[in-house]
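Source file: data.pdb. Holds: PDB, C-alpha atoms and all ligand atoms.
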ATOM      1  CA  MET A  17    -102.525 -26.659-152.168
ATOM      2  CA  LEU A  18    -103.578 -24.752-149.053
ATOM      3  CA  THR A  19    -103.037 -20.989-148.983
ATOM      4  CA  LEU A  20    -102.175 -19.054-145.837
ATOM      5  CA  SER A  21    -105.794 -18.046-145.210
ATOM      6  CA  GLN A  22    -107.096 -21.592-145.821
ATOM      7  CA  THR A  23    -104.438 -22.984-143.457
ATOM      8  CA  ARG A  24    -105.402 -20.476-140.756
ATOM      9  CA  LYS A  25    -109.090 -21.255-141.252
ATOM     10  CA  ILE A  26    -108.600 -25.031-140.905
ATOM     11  CA  LEU A  27    -106.415 -24.615-137.817
ATOM     12  CA  ALA A  28    -109.046 -22.322-136.237
ATOM     13  CA  LYS A  29    -111.817 -24.809-137.062
ATOM     14  CA  LEU A  30    -109.782 -27.616-135.474
ATOM     15  CA  GLY A  31    -109.014 -25.358-132.487
ATOM     16  CA  HIS A  32    -105.356 -26.251-133.076
ATOM     17  CA  GLU A  33    -102.373 -24.058-132.227
ATOM     18  CA  PRO A  34     -99.286 -25.100-134.282
ATOM     19  CA  ARG A  35     -97.055 -27.106-131.928
ATOM     20  CA  LYS A  36     -93.466 -25.904-131.857
ATOM     21  CA  ALA A  37     -92.173 -29.138-130.331
ATOM     22  CA  LEU A  38     -93.520 -31.011-133.382
ATOM     23  CA  GLY A  39     -92.044 -28.503-135.828
ATOM     24  CA  GLN A  40     -95.493 -27.573-137.134
ATOM     25  CA  ASN A  41     -94.603 -24.977-139.752
ATOM     26  CA  TYR A  42     -97.060 -25.569-142.554
ATOM     27  CA  LEU A  43     -96.152 -24.864-146.164
ATOM     28  CA  VAL A  44     -98.321 -22.101-147.604
ATOM     29  CA  ASP A  45     -96.450 -21.385-150.831
ATOM     30  CA  ALA A  46     -97.526 -23.153-154.012
ATOM     31  CA  ASN A  47     -94.163 -22.535-155.719
ATOM     32  CA  ILE A  48     -92.272 -24.386-153.009
ATOM     33  CA  VAL A  49     -94.656 -27.336-153.097
ATOM     34  CA  ARG A  50     -94.193 -27.419-156.881
ATOM     35  CA  LYS A  51     -90.421 -27.151-156.498
ATOM     36  CA  SER A  52     -90.334 -30.174-154.154
ATOM     37  CA  LEU A  53     -92.261 -32.278-156.675
ATOM     38  CA  GLU A  54     -90.067 -31.035-159.514
ATOM     39  CA  LEU A  55     -86.802 -31.851-157.691
ATOM     40  CA  ALA A  56     -88.124 -35.289-156.784
ATOM     41  CA  GLU A  57     -89.320 -35.810-160.389
ATOM     42  CA  VAL A  58     -92.622 -37.152-159.068
ATOM     43  CA  LYS A  59     -94.636 -39.024-161.667
ATOM     44  CA  ALA A  60     -97.742 -41.210-161.746
ATOM     45  CA  GLY A  61     -97.141 -44.588-160.140
ATOM     46  CA  ASP A  62     -94.232 -43.417-157.928
ATOM     47  CA  VAL A  63     -94.204 -44.769-154.394
ATOM     48  CA  ILE A  64     -93.501 -41.910-152.003
ATOM     49  CA  VAL A  65     -92.854 -41.861-148.278
ATOM     50  CA  GLU A  66     -93.822 -38.626-146.536
ATOM     51  CA  VAL A  67     -93.004 -37.699-142.949
ATOM     52  CA  GLY A  68     -95.514 -35.403-141.230
ATOM     53  CA  PRO A  69     -98.332 -34.764-143.713
ATOM     54  CA  GLY A  70     -99.834 -32.207-141.305
ATOM     55  CA  LEU A  71    -102.792 -30.578-143.062
ATOM     56  CA  GLY A  72    -101.881 -32.362-146.278
ATOM     57  CA  THR A  73    -100.602 -29.582-148.544
ATOM     58  CA  LEU A  74     -97.684 -31.566-149.926
ATOM     59  CA  THR A  75     -99.560 -34.886-149.645
ATOM     60  CA  GLN A  76    -102.399 -33.671-151.828
ATOM     61  CA  SER A  77    -100.029 -32.480-154.557
ATOM     62  CA  LEU A  78     -98.235 -35.837-154.510
ATOM     63  CA  LEU A  79    -101.558 -37.665-154.823
ATOM     64  CA  GLU A  80    -102.760 -35.353-157.591
ATOM     65  CA  ALA A  81     -99.542 -36.196-159.481
ATOM     66  CA  GLY A  82    -100.625 -39.851-159.351
ATOM     67  CA  ALA A  83     -98.199 -41.078-156.673
ATOM     68  CA  LYS A  84     -98.945 -43.690-154.023
ATOM     69  CA  VAL A  85     -98.177 -42.124-150.647
ATOM     70  CA  PHE A  86     -97.180 -43.739-147.366
ATOM     71  CA  ALA A  87     -97.220 -41.073-144.657
ATOM     72  CA  ILE A  88     -96.587 -41.018-140.932
ATOM     73  CA  GLU A  89     -97.925 -38.315-138.597
ATOM     74  CA  ALA A  90     -97.234 -37.975-134.865
ATOM     75  CA  ASP A  91     -99.999 -35.488-134.049
ATOM     76  CA  LYS A  92    -103.406 -37.042-133.301
ATOM     77  CA  THR A  93    -105.332 -33.958-134.460
ATOM     78  CA  MET A  94    -103.510 -33.904-137.837
ATOM     79  CA  PHE A  95    -103.959 -37.665-138.201
ATOM     80  CA  ALA A  96    -107.701 -37.426-137.451
ATOM     81  CA  TYR A  97    -108.026 -34.521-139.913
ATOM     82  CA  GLN A  98    -106.391 -36.588-142.662
ATOM     83  CA  THR A  99    -108.591 -39.631-142.005
ATOM     84  CA  GLU A 100    -111.634 -37.386-142.464
ATOM     85  CA  ASN A 101    -110.287 -35.641-145.563
ATOM     86  CA  LEU A 102    -107.557 -36.847-147.964
ATOM     87  CA  LEU A 103    -107.904 -40.479-146.919
ATOM     88  CA  LYS A 104    -111.571 -40.521-147.960
ATOM     89  CA  THR A 105    -110.758 -39.177-151.427
ATOM     90  CA  TYR A 106    -107.611 -41.237-152.009
ATOM     91  CA  LEU A 107    -108.481 -44.500-150.270
ATOM     92  CA  ASP A 108    -106.429 -46.636-152.688
ATOM     93  CA  ASP A 109    -103.374 -44.394-152.938
ATOM     94  CA  LEU A 110    -102.879 -43.046-149.432
ATOM     95  CA  ASN A 111    -101.778 -44.888-146.338
ATOM     96  CA  ILE A 112    -101.348 -42.904-143.125
ATOM     97  CA  THR A 113     -99.848 -44.222-139.908
ATOM     98  CA  LEU A 114    -100.161 -42.487-136.545
ATOM     99  CA  GLY A 115     -96.727 -42.641-134.922
ATOM    100  CA  ASP A 116     -93.151 -41.464-134.692
ATOM    101  CA  ALA A 117     -91.144 -41.355-137.926
ATOM    102  CA  VAL A 118     -87.917 -42.089-136.025
ATOM    103  CA  ASP A 119     -89.384 -45.497-135.098
ATOM    104  CA  LYS A 120     -90.925 -46.025-138.542
ATOM    105  CA  PRO A 121     -88.706 -44.075-140.955
ATOM    106  CA  ARG A 122     -90.434 -45.581-144.003
ATOM    107  CA  ALA A 123     -93.926 -44.777-142.687
ATOM    108  CA  GLY A 124     -95.141 -48.376-142.728
ATOM    109  CA  LEU A 125     -94.104 -49.005-146.338
ATOM    110  CA  PRO A 126     -94.306 -52.819-146.650
ATOM    111  CA  ASP A 127     -90.881 -54.518-146.616
ATOM    112  CA  GLU A 128     -91.441 -56.199-149.978
ATOM    113  CA  ILE A 129     -91.826 -52.782-151.618
ATOM    114  CA  ALA A 130     -89.053 -51.116-149.593
ATOM    115  CA  SER A 131     -86.546 -53.852-150.417
ATOM    116  CA  ARG A 132     -86.960 -53.183-154.158
ATOM    117  CA  GLY A 133     -85.434 -49.761-153.448
ATOM    118  CA  ASP A 134     -87.442 -47.837-156.011
ATOM    119  CA  PHE A 135     -89.410 -45.636-153.602
ATOM    120  CA  LYS A 136     -88.710 -41.946-152.955
ATOM    121  CA  ILE A 137     -88.899 -39.694-149.929
ATOM    122  CA  VAL A 138     -90.595 -36.296-150.243
ATOM    123  CA  ALA A 139     -91.228 -34.379-147.029
ATOM    124  CA  ASN A 140     -91.265 -31.088-145.214
ATOM    125  CA  LEU A 141     -89.511 -32.491-142.169
ATOM    126  CA  PRO A 142     -90.103 -31.529-138.555
ATOM    127  CA  TYR A 143     -86.643 -30.055-137.976
ATOM    128  CA  ALA A 144     -86.089 -31.576-134.503
ATOM    129  CA  ILE A 145     -86.095 -35.113-135.906
ATOM    130  CA  SER A 146     -84.430 -34.599-139.278
ATOM    131  CA  THR A 147     -81.021 -36.042-138.284
ATOM    132  CA  PRO A 148     -82.220 -39.010-136.121
ATOM    133  CA  TRP A 149     -84.878 -39.868-138.732
ATOM    134  CA  LEU A 150     -82.340 -39.731-141.577
ATOM    135  CA  GLU A 151     -79.867 -41.898-139.684
ATOM    136  CA  THR A 152     -82.530 -44.575-139.084
ATOM    137  CA  LEU A 153     -83.765 -44.318-142.657
ATOM    138  CA  ILE A 154     -80.382 -44.932-144.224
ATOM    139  CA  ALA A 155     -79.686 -47.908-141.976
ATOM    140  CA  GLY A 156     -82.389 -49.860-143.836
ATOM    141  CA  PRO A 157     -83.581 -50.393-147.436
ATOM    142  CA  LEU A 158     -82.441 -47.244-149.201
ATOM    143  CA  PRO A 159     -84.847 -44.998-151.125
ATOM    144  CA  LYS A 160     -83.889 -44.053-154.670
ATOM    145  CA  SER A 161     -83.974 -40.368-153.759
ATOM    146  CA  ILE A 162     -84.601 -38.149-150.749
ATOM    147  CA  THR A 163     -86.133 -34.707-151.275
ATOM    148  CA  VAL A 164     -86.615 -32.978-147.962
ATOM    149  CA  MET A 165     -87.119 -29.541-146.478
ATOM    150  CA  VAL A 166     -84.663 -29.131-143.630
ATOM    151  CA  GLN A 167     -83.148 -26.419-141.469
ATOM    152  CA  LYS A 168     -80.257 -24.955-143.464
ATOM    153  CA  GLU A 169     -77.689 -25.957-140.804
ATOM    154  CA  ALA A 170     -78.854 -29.578-141.022
ATOM    155  CA  GLY A 171     -78.628 -29.537-144.833
ATOM    156  CA  ASP A 172     -75.089 -28.159-144.552
ATOM    157  CA  ARG A 173     -74.158 -30.897-142.038
ATOM    158  CA  PHE A 174     -75.502 -33.627-144.318
ATOM    159  CA  MET A 175     -73.113 -32.662-147.100
ATOM    160  CA  ALA A 176     -70.215 -31.205-145.086
ATOM    161  CA  GLU A 177     -66.705 -32.163-146.149
ATOM    162  CA  SER A 178     -64.101 -33.595-143.809
ATOM    163  CA  GLY A 179     -61.925 -30.905-142.294
ATOM    164  CA  THR A 180     -64.910 -28.653-141.540
ATOM    165  CA  LYS A 181     -66.752 -28.100-138.245
ATOM    166  CA  GLN A 182     -70.014 -29.361-139.748
ATOM    167  CA  PHE A 183     -68.552 -32.753-140.695
ATOM    168  CA  GLY A 184     -69.939 -35.473-138.434
ATOM    169  CA  ALA A 185     -71.516 -38.918-138.201
ATOM    170  CA  VAL A 186     -74.560 -38.030-140.326
ATOM    171  CA  SER A 187     -72.305 -36.593-143.079
ATOM    172  CA  ILE A 188     -70.375 -39.874-143.176
ATOM    173  CA  PHE A 189     -73.429 -42.156-143.270
ATOM    174  CA  LEU A 190     -75.287 -40.054-145.810
ATOM    175  CA  GLN A 191     -72.433 -39.300-148.215
ATOM    176  CA  SER A 192     -71.490 -42.976-148.296
ATOM    177  CA  ALA A 193     -74.864 -43.737-149.864
ATOM    178  CA  TYR A 194     -76.101 -40.483-151.500
ATOM    179  CA  ARG A 195     -74.912 -37.500-153.462
ATOM    180  CA  ARG A 196     -76.474 -34.083-153.125
ATOM    181  CA  ALA A 197     -77.845 -33.455-156.590
ATOM    182  CA  LYS A 198     -79.581 -30.147-155.895
ATOM    183  CA  ALA A 199     -80.530 -27.705-153.168
ATOM    184  CA  HIS A 200     -82.922 -24.779-153.023
ATOM    185  CA  SER A 201     -83.120 -22.084-150.298
ATOM    186  CA  VAL A 202     -86.582 -21.387-148.942
ATOM    187  CA  SER A 203     -87.710 -18.145-147.311
ATOM    188  CA  SER A 204     -89.385 -18.376-143.900
ATOM    189  CA  SER A 205     -92.393 -16.496-145.344
ATOM    190  CA  CYS A 206     -93.321 -19.727-147.218
ATOM    191  CA  PHE A 207     -94.484 -21.267-143.919
ATOM    192  CA  HIS A 208     -97.160 -20.664-141.320
ATOM    193  CA  PRO A 209     -96.039 -19.881-138.725
ATOM    194  CA  ALA A 210     -92.714 -18.598-140.119
ATOM    195  CA  PRO A 211     -89.793 -20.514-138.546
ATOM    196  CA  LYS A 212     -87.004 -18.463-136.916
ATOM    197  CA  VAL A 213     -84.343 -20.456-138.778
ATOM    198  CA  ASP A 214     -83.317 -20.632-142.436
ATOM    199  CA  SER A 215     -84.666 -23.521-144.498
ATOM    200  CA  MET A 216     -83.672 -25.364-147.646
ATOM    201  CA  ILE A 217     -84.870 -28.250-149.781
ATOM    202  CA  VAL A 218     -82.153 -30.813-150.412
ATOM    203  CA  HIS A 219     -82.457 -33.383-153.151
ATOM    204  CA  LEU A 220     -80.249 -36.434-152.672
ATOM    205  CA  GLU A 221     -79.766 -39.268-155.127
ATOM    206  CA  ARG A 222     -78.659 -42.763-154.197
ATOM    207  CA  LEU A 223     -75.177 -43.696-155.426
ATOM    208  CA  ASN A 224     -74.776 -46.623-157.838
ATOM    209  CA  ASN A 225     -72.848 -48.528-155.188
ATOM    210  CA  PRO A 226     -74.083 -47.179-151.869
ATOM    211  CA  PHE A 227     -71.959 -48.082-148.870
ATOM    212  CA  CYS A 228     -73.835 -49.058-145.697
ATOM    213  CA  PHE A 229     -72.154 -49.128-142.292
ATOM    214  CA  THR A 230     -72.821 -52.002-139.889
ATOM    215  CA  PRO A 231     -74.891 -51.107-136.791
ATOM    216  CA  VAL A 232     -71.758 -51.462-134.576
ATOM    217  CA  SER A 233     -69.695 -49.180-136.849
ATOM    218  CA  ARG A 234     -72.491 -46.591-136.799
ATOM    219  CA  LYS A 235     -72.668 -46.693-133.008
ATOM    220  CA  VAL A 236     -68.870 -46.339-132.681
ATOM    221  CA  ILE A 237     -68.659 -43.476-135.213
ATOM    222  CA  ARG A 238     -71.452 -41.619-133.416
ATOM    223  CA  ARG A 239     -69.613 -42.113-130.115
ATOM    224  CA  ILE A 240     -66.286 -40.938-131.562
ATOM    225  CA  PHE A 241     -67.904 -37.697-132.757
ATOM    226  CA  THR A 242     -69.231 -36.912-129.264
ATOM    227  CA  GLN A 243     -65.550 -36.107-128.492
ATOM    228  CA  ARG A 244     -64.754 -34.229-131.657
ATOM    229  CA  ARG A 245     -62.140 -31.970-130.025
ATOM    230  CA  LYS A 246     -59.992 -34.903-128.909
ATOM    231  CA  GLN A 247     -57.432 -36.847-130.927
ATOM    232  CA  ILE A 248     -58.740 -40.004-132.521
ATOM    233  CA  GLY A 249     -55.949 -42.182-131.069
ATOM    234  CA  GLY A 250     -56.864 -41.115-127.540
ATOM    235  CA  ILE A 251     -60.605 -41.589-128.104
ATOM    236  CA  VAL A 252     -60.351 -45.155-129.410
ATOM    237  CA  ARG A 253     -58.121 -46.202-126.504
ATOM    238  CA  ARG A 254     -61.074 -45.677-124.164
ATOM    239  CA  LEU A 255     -63.681 -47.557-126.218
ATOM    240  CA  ASP A 256     -64.745 -51.216-125.746
ATOM    241  CA  GLU A 257     -63.927 -51.971-129.404
ATOM    242  CA  ARG A 258     -60.353 -50.724-128.805
ATOM    243  CA  GLU A 259     -58.526 -53.717-130.322
ATOM    244  CA  GLN A 260     -60.364 -53.593-133.658
ATOM    245  CA  LEU A 261     -60.145 -49.807-133.687
ATOM    246  CA  GLU A 262     -56.397 -49.885-133.232
ATOM    247  CA  SER A 263     -56.050 -52.131-136.301
ATOM    248  CA  TRP A 264     -58.269 -49.650-138.139
ATOM    249  CA  LEU A 265     -55.930 -46.819-137.096
ATOM    250  CA  GLU A 266     -52.992 -48.791-138.462
ATOM    251  CA  GLU A 267     -54.868 -49.376-141.716
ATOM    252  CA  ILE A 268     -55.749 -45.719-142.216
ATOM    253  CA  ALA A 269     -52.189 -44.657-141.422
ATOM    254  CA  SER A 270     -51.466 -45.829-144.981
ATOM    255  CA  LEU A 271     -53.858 -43.081-146.160
ATOM    256  CA  GLY A 272     -51.770 -40.566-144.255
ATOM    257  CA  ILE A 273     -54.184 -40.282-141.303
ATOM    258  CA  SER A 274     -52.352 -39.945-138.000
ATOM    259  CA  PRO A 275     -53.783 -40.935-134.587
ATOM    260  CA  GLN A 276     -53.347 -37.282-133.632
ATOM    261  CA  SER A 277     -56.053 -36.248-136.105
ATOM    262  CA  ARG A 278     -59.384 -35.070-134.728
ATOM    263  CA  PRO A 279     -62.461 -37.036-135.903
ATOM    264  CA  GLU A 280     -63.561 -34.280-138.296
ATOM    265  CA  GLN A 281     -60.182 -34.449-140.086
ATOM    266  CA  VAL A 282     -60.620 -38.125-141.018
ATOM    267  CA  PRO A 283     -61.969 -38.358-144.591
ATOM    268  CA  LEU A 284     -64.913 -40.448-145.763
ATOM    269  CA  GLU A 285     -62.850 -43.219-147.369
ATOM    270  CA  ALA A 286     -61.029 -43.824-144.068
ATOM    271  CA  TRP A 287     -64.325 -44.137-142.159
ATOM    272  CA  GLN A 288     -65.537 -46.653-144.734
ATOM    273  CA  LYS A 289     -62.661 -48.939-143.710
ATOM    274  CA  LEU A 290     -64.271 -49.236-140.283
ATOM    275  CA  THR A 291     -66.262 -52.452-140.576
ATOM    276  CA  LEU A 292     -67.101 -53.664-137.089
ATOM    277  CA  GLU A 293     -69.419 -56.642-136.480
TER     278      GLU A 293
HETATM  279  C1  LIG B 301     -93.024 -28.967-140.907
HETATM  280  S1  LIG B 301     -94.599 -29.703-140.617
HETATM  281  C2  LIG B 301     -95.047 -30.178-142.243
HETATM  282  C3  LIG B 301     -96.545 -30.256-142.458
HETATM  283  C4  LIG B 301     -96.970 -30.445-143.920
HETATM  284  N1  LIG B 301     -96.329 -31.578-144.538
HETATM  285  C5  LIG B 301     -96.659 -29.207-144.725
HETATM  286  O1  LIG B 301     -95.698 -29.252-145.509
HETATM  287  O2  LIG B 301     -97.347 -28.197-144.553
HETATM  288  C6  LIG B 301     -94.064 -31.196-139.844
HETATM  289  C7  LIG B 301     -95.147 -32.233-139.588
HETATM  290  O3  LIG B 301     -94.520 -33.380-138.982
HETATM  291  C8  LIG B 301     -95.289 -33.835-137.875
HETATM  292  N2  LIG B 301     -94.344 -34.491-136.950
HETATM  293  C9  LIG B 301     -93.579 -33.930-135.985
HETATM  294  N3  LIG B 301     -92.789 -34.844-135.387
HETATM  295  C10 LIG B 301     -93.064 -36.033-135.995
HETATM  296  C11 LIG B 301     -92.582 -37.361-135.819
HETATM  297  N4  LIG B 301     -91.654 -37.646-134.898
HETATM  298  N5  LIG B 301     -93.089 -38.338-136.597
HETATM  299  C12 LIG B 301     -94.035 -38.058-137.543
HETATM  300  N6  LIG B 301     -94.527 -36.816-137.753
HETATM  301  C13 LIG B 301     -94.056 -35.820-137.000
HETATM  302  C14 LIG B 301     -95.924 -32.575-137.327
HETATM  303  O4  LIG B 301     -97.051 -32.857-136.536
HETATM  304  C15 LIG B 301     -96.237 -31.820-138.621
HETATM  305  O5  LIG B 301     -97.485 -32.208-139.126
END

Could you show the structure in this file as structure tokens?
Amino acid sequence: MLTLSQTRKILAKLGHEPRKALGQNYLVDANIVRKSLELAEVKAGDVIVEVGPGLGTLTQSLLEAGAKVFAIEADKTMFAYQTENLLKTYLDDLNITLGDAVDKPRAGLPDEIASRGDFKIVANLPYAISTPWLETLIAGPLPKSITVMVQKEAGDRFMAESGTKQFGAVSIFLQSAYRRAKAHSVSSSCFHPAPKVDSMIVHLERLNNPFCFTPVSRKVIRRIFTQRRKQIGGIVRRLDEREQLESWLEEIASLGISPQSRPEQVPLEAWQKLTLE
């Protein structure tokens, strides 16, 4: 676990200024690192995917707990630092890819392992990519649990209920497959540099029967929510998939949902009836 002064020292030695665009707010609080591992119930032999290992604070704790870690880092300096440090010590248990987590949401975890579905996600996410990364992640083989540090607003959106302003496409996709088991607020003083936004760790557990939307349904739902102030009946009339969407509107009328509803007023179970191929 790297303290604030050790983190500063390494950054100075690397001649590296934390990059805001990459959300480089390094964890410098041992309690929060411990809390992430505790929420994720990390144990020896676990397969963990980590996004953005950075200087390796969280990564090292995961490896010390006996986990096998697949990590993906977008910053060349951080990647080079890891190849010279943690990778040399944990050659058999650490795999790091240089790249964008939105393109590789499972950090290069081999398909045969991913498809078994018993891997976990533990990460201090770069906040700018948390929603796009999550949406790509849950379109594929689903991890058993997701334990991530996110901006508080994003965490609230993930678990927002229909009828609220925060309810949107990501809430629908995520809540169809996961339940929020726990959450923990994190003070900005636990990071270097301190972010200007509030943070939280959310721990999500996969449902027994997760529901996955088809790629076309996901695309349509995302598009519908770009016009969240309009009535759903009017929105679908202007979409290419109009015919199928009108039958969907008829179907959800039986749940008491009128075409005059706005997208955020349509509950989860009605969205799950949207199965477009
Ligand atoms: C919030 S920092 C976390 C660093 C470290 N895990 C920690 O907890 O101290 C986010 C990390 O994600 C990396 N990152 C940013 N965008 C990324 C992306 N699109 N794909 C992969 N890594 C990314 C950053 O370079 C940085 O190392």

Output the residue selection produced by the PyMOL selection byres (((not hetatm)) within 8 of (chain B and resi 301)) on the file above, formatted as a compact mmCIF listing (two decimals) with C-alpha atoms, in the frame of the given file.
# COMPACT_ATOMS: atom_id res chain seq x y z
CA ARG A 35 -97.06 -27.11 -131.93
CA ALA A 37 -92.17 -29.14 -130.33
CA LEU A 38 -93.52 -31.01 -133.38
CA GLY A 39 -92.04 -28.50 -135.83
CA GLN A 40 -95.49 -27.57 -137.13
CA ASN A 41 -94.60 -24.98 -139.75
CA TYR A 42 -97.06 -25.57 -142.55
CA LEU A 43 -96.15 -24.86 -146.16
CA VAL A 44 -98.32 -22.10 -147.60
CA VAL A 49 -94.66 -27.34 -153.10
CA GLU A 66 -93.82 -38.63 -146.54
CA VAL A 67 -93.00 -37.70 -142.95
CA GLY A 68 -95.51 -35.40 -141.23
CA PRO A 69 -98.33 -34.76 -143.71
CA GLY A 70 -99.83 -32.21 -141.30
CA LEU A 71 -102.79 -30.58 -143.06
CA GLY A 72 -101.88 -32.36 -146.28
CA THR A 73 -100.60 -29.58 -148.54
CA LEU A 74 -97.68 -31.57 -149.93
CA THR A 75 -99.56 -34.89 -149.65
CA ILE A 88 -96.59 -41.02 -140.93
CA GLU A 89 -97.92 -38.32 -138.60
CA ALA A 90 -97.23 -37.98 -134.86
CA ASP A 91 -100.00 -35.49 -134.05
CA MET A 94 -103.51 -33.90 -137.84
CA LEU A 114 -100.16 -42.49 -136.54
CA GLY A 115 -96.73 -42.64 -134.92
CA ASP A 116 -93.15 -41.46 -134.69
CA ALA A 117 -91.14 -41.36 -137.93
CA VAL A 118 -87.92 -42.09 -136.02
CA ALA A 139 -91.23 -34.38 -147.03
CA ASN A 140 -91.26 -31.09 -145.21
CA LEU A 141 -89.51 -32.49 -142.17
CA PRO A 142 -90.10 -31.53 -138.56
CA TYR A 143 -86.64 -30.06 -137.98
CA ALA A 144 -86.09 -31.58 -134.50
CA ILE A 145 -86.10 -35.11 -135.91
CA PHE A 207 -94.48 -21.27 -143.92

**Asked** So what does the PyMOL selection byres (((chain A and resi 242-249) around 6) and not hetatm) actually pick up in this one, as number ranges by chain?
**Response** A: 239-241, 250-252, 275-279

**Message:** From the options A:Asn111, A:Thr93, A:Gln167, A:Thr19, which residue's atoms come nearest to A:His208, counting only C-alpha atoms?
**Reply:** A:Thr19

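Note that the spacing between atom CA of A:Lys181 and atom CA of A:Glu169 amounts to 11.4 Å.
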
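Near A:His200, within a cut-off of 7 Å and counting all atoms listed in the file, sit the residues Met216, Ile217 and Val218 of chain A, with same-chain residues fewer than 3 positions away left out.
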